[in-house]
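Structure data follow from my_file39.cif (mmCIF, C-alpha atoms):
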```cif
data_structure
#
loop_
_atom_site.label_atom_id
_atom_site.label_comp_id
_atom_site.auth_asym_id
_atom_site.auth_seq_id
_atom_site.Cartn_x
_atom_site.Cartn_y
_atom_site.Cartn_z
CA MET A 93 -11.00 -34.40 18.80
CA VAL A 94 -14.69 -35.21 18.90
CA THR A 95 -16.01 -38.73 18.62
CA LEU A 96 -18.65 -39.68 16.10
CA GLY A 97 -21.64 -40.70 18.21
CA GLY A 98 -19.37 -42.35 20.78
CA GLN A 99 -17.34 -44.16 18.14
CA ALA A 100 -13.65 -43.64 17.56
CA VAL A 101 -12.42 -41.26 14.89
CA LYS A 102 -10.23 -43.27 12.54
CA LEU A 103 -7.22 -42.16 10.55
CA TYR A 104 -5.99 -44.46 7.79
CA LEU A 105 -2.34 -43.77 6.96
CA ILE A 106 -1.32 -45.27 3.62
CA GLN A 107 2.07 -45.20 1.95
CA HIS A 108 1.77 -44.85 -1.81
CA ALA A 109 2.25 -48.02 -3.84
CA GLU A 110 5.38 -48.89 -5.83
CA ALA A 111 6.21 -46.27 -8.45
CA PHE A 112 8.70 -46.05 -11.29
CA GLY A 113 12.03 -44.37 -10.50
CA GLU A 114 12.60 -40.84 -11.76
CA GLU A 115 15.09 -42.12 -14.36
CA ILE A 116 12.29 -44.14 -16.00
CA ASP A 117 9.35 -41.82 -15.36
CA PRO A 118 9.98 -38.29 -14.02
CA GLU A 119 6.33 -38.12 -12.86
CA ARG A 120 6.78 -41.42 -10.94
CA ALA A 121 3.55 -43.17 -11.95
CA LEU A 122 2.69 -46.47 -10.28
CA THR A 123 4.28 -49.58 -11.72
CA PRO A 124 2.04 -52.48 -12.76
CA ALA A 125 3.01 -54.18 -9.48
CA GLY A 126 2.05 -51.00 -7.60
CA ARG A 127 -1.36 -50.94 -9.29
CA ARG A 128 -1.92 -54.62 -8.42
CA ALA A 129 -0.88 -54.05 -4.79
CA THR A 130 -3.31 -51.12 -4.55
CA GLU A 131 -6.15 -53.26 -5.89
CA VAL A 132 -5.35 -56.18 -3.57
CA MET A 133 -5.04 -53.91 -0.54
CA GLY A 134 -8.25 -52.10 -1.42
CA LYS A 135 -10.25 -55.30 -1.63
CA TRP A 136 -8.78 -56.61 1.60
CA VAL A 137 -9.20 -53.43 3.66
CA ALA A 138 -12.79 -52.91 2.48
CA ARG A 139 -13.74 -55.55 5.06
CA LEU A 140 -12.20 -53.52 7.91
CA ALA A 141 -12.85 -49.93 6.95
CA PRO A 142 -16.36 -48.65 6.46
CA ASP A 143 -16.95 -45.96 3.88
CA VAL A 144 -14.36 -43.25 4.59
CA PRO A 145 -15.69 -39.77 3.72
CA VAL A 146 -12.48 -38.47 2.17
CA VAL A 147 -9.08 -39.69 0.97
CA TRP A 148 -6.40 -37.00 1.04
CA HIS A 149 -3.24 -37.28 -1.06
CA SER A 150 -0.10 -35.19 -1.48
CA GLY A 151 -0.64 -34.22 -5.09
CA LYS A 152 2.26 -36.34 -6.32
CA LEU A 153 1.14 -38.69 -9.09
CA ARG A 154 2.02 -41.91 -7.21
CA ALA A 155 -0.08 -40.81 -4.21
CA LEU A 156 -2.99 -39.73 -6.43
CA GLN A 157 -2.98 -43.05 -8.32
CA THR A 158 -2.84 -45.00 -5.04
CA ALA A 159 -5.75 -42.96 -3.65
CA GLU A 160 -7.78 -43.47 -6.83
CA GLY A 161 -7.06 -47.22 -6.77
CA LEU A 162 -8.22 -47.51 -3.15
CA MET A 163 -11.24 -45.25 -3.58
CA PRO A 164 -13.76 -47.84 -4.86
CA HIS A 165 -12.98 -50.05 -1.83
CA LEU A 166 -12.14 -47.65 0.99
CA ALA A 167 -14.34 -44.67 0.16
CA PRO A 168 -16.94 -45.67 -2.44
CA THR A 169 -19.20 -42.73 -1.61
CA GLY A 170 -16.38 -40.40 -0.52
CA CYS A 171 -14.00 -38.27 -2.51
CA VAL A 172 -10.29 -38.01 -3.28
CA GLU A 173 -8.72 -34.61 -2.56
CA GLU A 174 -5.25 -33.17 -2.92
CA HIS A 175 -4.26 -31.73 0.44
CA ALA A 176 -1.39 -29.47 1.47
CA GLY A 177 1.06 -30.64 4.12
CA LEU A 178 1.47 -34.24 2.91
CA LYS A 179 4.67 -34.12 0.87
CA PRO A 180 7.64 -36.24 2.02
CA LYS A 181 9.44 -33.49 3.95
CA ASP A 182 6.48 -31.35 5.06
CA ASP A 183 6.13 -30.39 8.72
CA VAL A 184 3.69 -32.80 10.40
CA ALA A 185 2.35 -30.01 12.62
CA LEU A 186 0.42 -28.63 9.64
CA ILE A 187 -1.59 -31.80 9.10
CA VAL A 188 -1.89 -32.69 12.81
CA GLU A 189 -3.76 -29.44 13.39
CA GLU A 190 -6.15 -30.24 10.55
CA ILE A 191 -6.71 -33.81 11.77
CA HIS A 192 -7.58 -32.55 15.23
CA ARG A 193 -10.12 -30.05 13.81
CA ARG A 194 -11.97 -32.82 11.95
CA ALA A 195 -14.70 -34.88 13.53
CA ALA A 196 -14.76 -37.52 10.80
CA ASP A 197 -12.67 -40.40 9.58
CA VAL A 198 -10.07 -39.62 6.94
CA ALA A 199 -7.57 -41.61 4.87
CA ILE A 200 -4.21 -40.08 3.95
CA VAL A 201 -2.08 -41.39 1.10
CA GLY A 202 1.42 -40.06 1.47
CA HIS A 203 5.15 -40.66 1.57
CA LEU A 204 8.04 -41.45 3.83
CA PRO A 205 9.43 -39.94 5.93
CA HIS A 206 6.30 -37.80 6.48
CA LEU A 207 3.89 -40.69 7.22
CA SER A 208 6.30 -42.26 9.67
CA ARG A 209 6.85 -38.97 11.49
CA LEU A 210 3.09 -38.29 11.53
CA ALA A 211 2.25 -41.71 12.99
CA SER A 212 5.00 -41.40 15.61
CA TYR A 213 3.83 -37.92 16.60
CA LEU A 214 0.18 -38.93 16.96
CA LEU A 215 1.03 -42.09 18.93
CA THR A 216 3.81 -40.74 21.19
CA GLY A 217 3.88 -36.96 20.93
CA ASN A 218 7.31 -37.12 19.23
CA GLU A 219 8.16 -37.43 15.53
CA GLU A 220 11.23 -39.54 16.30
CA PRO A 221 11.99 -42.35 16.62
CA SER A 222 9.92 -43.99 13.93
CA ILE A 223 7.59 -46.54 15.52
CA VAL A 224 5.48 -47.65 12.53
CA ALA A 225 7.27 -49.56 9.74
CA PHE A 226 5.33 -48.56 6.64
CA GLN A 227 5.58 -50.50 3.38
CA MET A 228 4.50 -49.38 -0.05
CA ALA A 229 0.69 -49.75 -0.28
CA GLY A 230 0.59 -50.63 3.44
CA ILE A 231 -2.18 -49.24 5.61
CA ALA A 232 -2.10 -48.33 9.31
CA CYS A 233 -5.34 -47.50 11.11
CA LEU A 234 -5.03 -45.13 14.06
CA GLU A 235 -8.01 -44.26 16.22
CA GLN A 236 -8.88 -41.82 18.93
CA ARG A 237 -11.85 -41.78 21.30
CA GLY A 238 -12.63 -38.34 22.68
CA ALA A 239 -9.65 -36.75 24.39
CA ASN A 240 -7.87 -40.08 24.80
CA PRO A 241 -4.53 -40.60 23.04
CA TRP A 242 -4.32 -42.02 19.55
CA THR A 243 -3.80 -45.78 19.35
CA LEU A 244 -2.72 -48.10 16.56
CA SER A 245 -5.81 -50.20 15.89
CA TRP A 246 -4.35 -52.37 13.11
CA MET A 247 -1.86 -52.40 10.28
CA VAL A 248 -1.72 -54.48 7.13
CA THR A 249 0.88 -54.73 4.37
CA PRO A 250 0.84 -56.22 0.88
CA ASP A 251 3.23 -58.97 2.07
CA LEU A 252 0.76 -59.98 4.78
CA VAL A 253 -2.29 -59.80 2.54
CA GLY A 254 -0.52 -61.83 -0.15
CA SER A 255 0.23 -64.58 2.36
CA VAL A 256 -3.26 -64.77 3.83
CA ARG A 257 -5.61 -67.29 2.33
CA PRO A 258 -9.34 -66.71 2.65
CA ILE A 259 -11.00 -68.70 5.40
CA PRO A 260 -13.49 -71.11 3.85
CA ARG A 261 -17.08 -70.55 4.84
CA MET A 262 -18.60 -73.26 6.99
CA ARG A 263 -21.57 -75.04 5.50
CA HIS A 264 -24.54 -75.39 7.74
CA ASP A 265 -26.74 -78.15 6.48
CA GLY A 266 -30.02 -77.96 8.41
#
```
Representation of the structure as structure tokens:
Amino acid sequence: MVTLGGQAVKLYLIQHAEAFGEEIDPERALTPAGRRATEVMGKWVARLAPDVPVVWHSGKLRALQTAEGLMPHLAPTGCVEEHAGLKPKDDVALIVEEIHRRAADVAIVGHLPHLSRLASYLLTGNEEPSIVAFQMAGIACLEQRGANPWTLSWMVTPDLVGSVRPIPRMRHDG
């Protein structure tokens, strides 16, 4: 992995937001709550994540809709792309190889158990046990500097964001 001008390469791992069950919607589109969570998470994470060049998704509708909902906040000048190797039961080795070839930040919107196995592999070298507890619409930021190991920089979930109140700005009267 190559650093970007001495900065860490960042990987944003995002579990898709809440979707309808197959019995209600065979395509599994996002529920209204899932769309709201995506919007809330996008606005919140925009403060932490500079413009990400690309958001990859699995091709499943719920992942695409989550990626599109995050796009204006996470990657306003980037693009959303369907990418192979991101389905729930895909082998993580396929995407790990691609991540290591890149020299740029990337966001991945995917599914369990794949995201959990991917995070565990990057952080420990083993897919099991699961060490990152993803939630729907939750975002984990991993980073790597040069040849150093990946580290978990931060993680945020809709439950956490929903419980955080904005800090009021201090007034400075001259």
Practice problem: Return as a ChimeraX atom specification the set of residues that the PyMOL selection byres ((chain A and resi 119) around 12) yields on the displayed structure. | Solution: /A:111-118,120-123,151-157
Practice problem: Identify all residues satisfying the PyMOL selection byres ((chain A and resi 134) around 12) in the given file; provide them as a ChimeraX atom specification. | Solution: /A:106,109,127-133,135-143,158-168,229-231,248-250,253
Practice problem: For the structure shown, which residues end up in the PyMOL selection byres ((chain A and resi 185) around 12)? Put them as a list in words, please? | Solution: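 With the PyMOL selection byres ((chain A and resi 185) around 12) on this model, the match is Ala176, Gly177, Leu178, Lys181, Asp182, Asp183, Val184, Leu186, Ile187, Val188, Glu189, Glu190, Ile191, His192, His206, Arg209, Leu210, Ala211, Tyr213, Leu214, Gly217, Asn218 and Glu219 of chain A.
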Self-check item: Point-to-point distance in Å for atom CA of Ala125 of chain A and atom CA of Ile223 of chain A
Solution: 26.5 Å
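Of the residues listed (A:Ala199, A:Leu105, A:Leu252, A:Met228), A:Leu105 shows the shortest atom-to-atom separation from Ser212 of chain A; distances use only C-alpha atoms.
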Quiz item: So what do you get for atom CA of Leu215 of chain A versus atom CA of Thr169 of chain A, distance-wise?
Solution: 28.8 Å
Quiz item: Which value, in Å to one decimal, gives the distance between atom CA of Glu235 of chain A and atom CA of Asp197 of chain A?
Solution: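 Distance reported for this atom pair: 9.0 Å.
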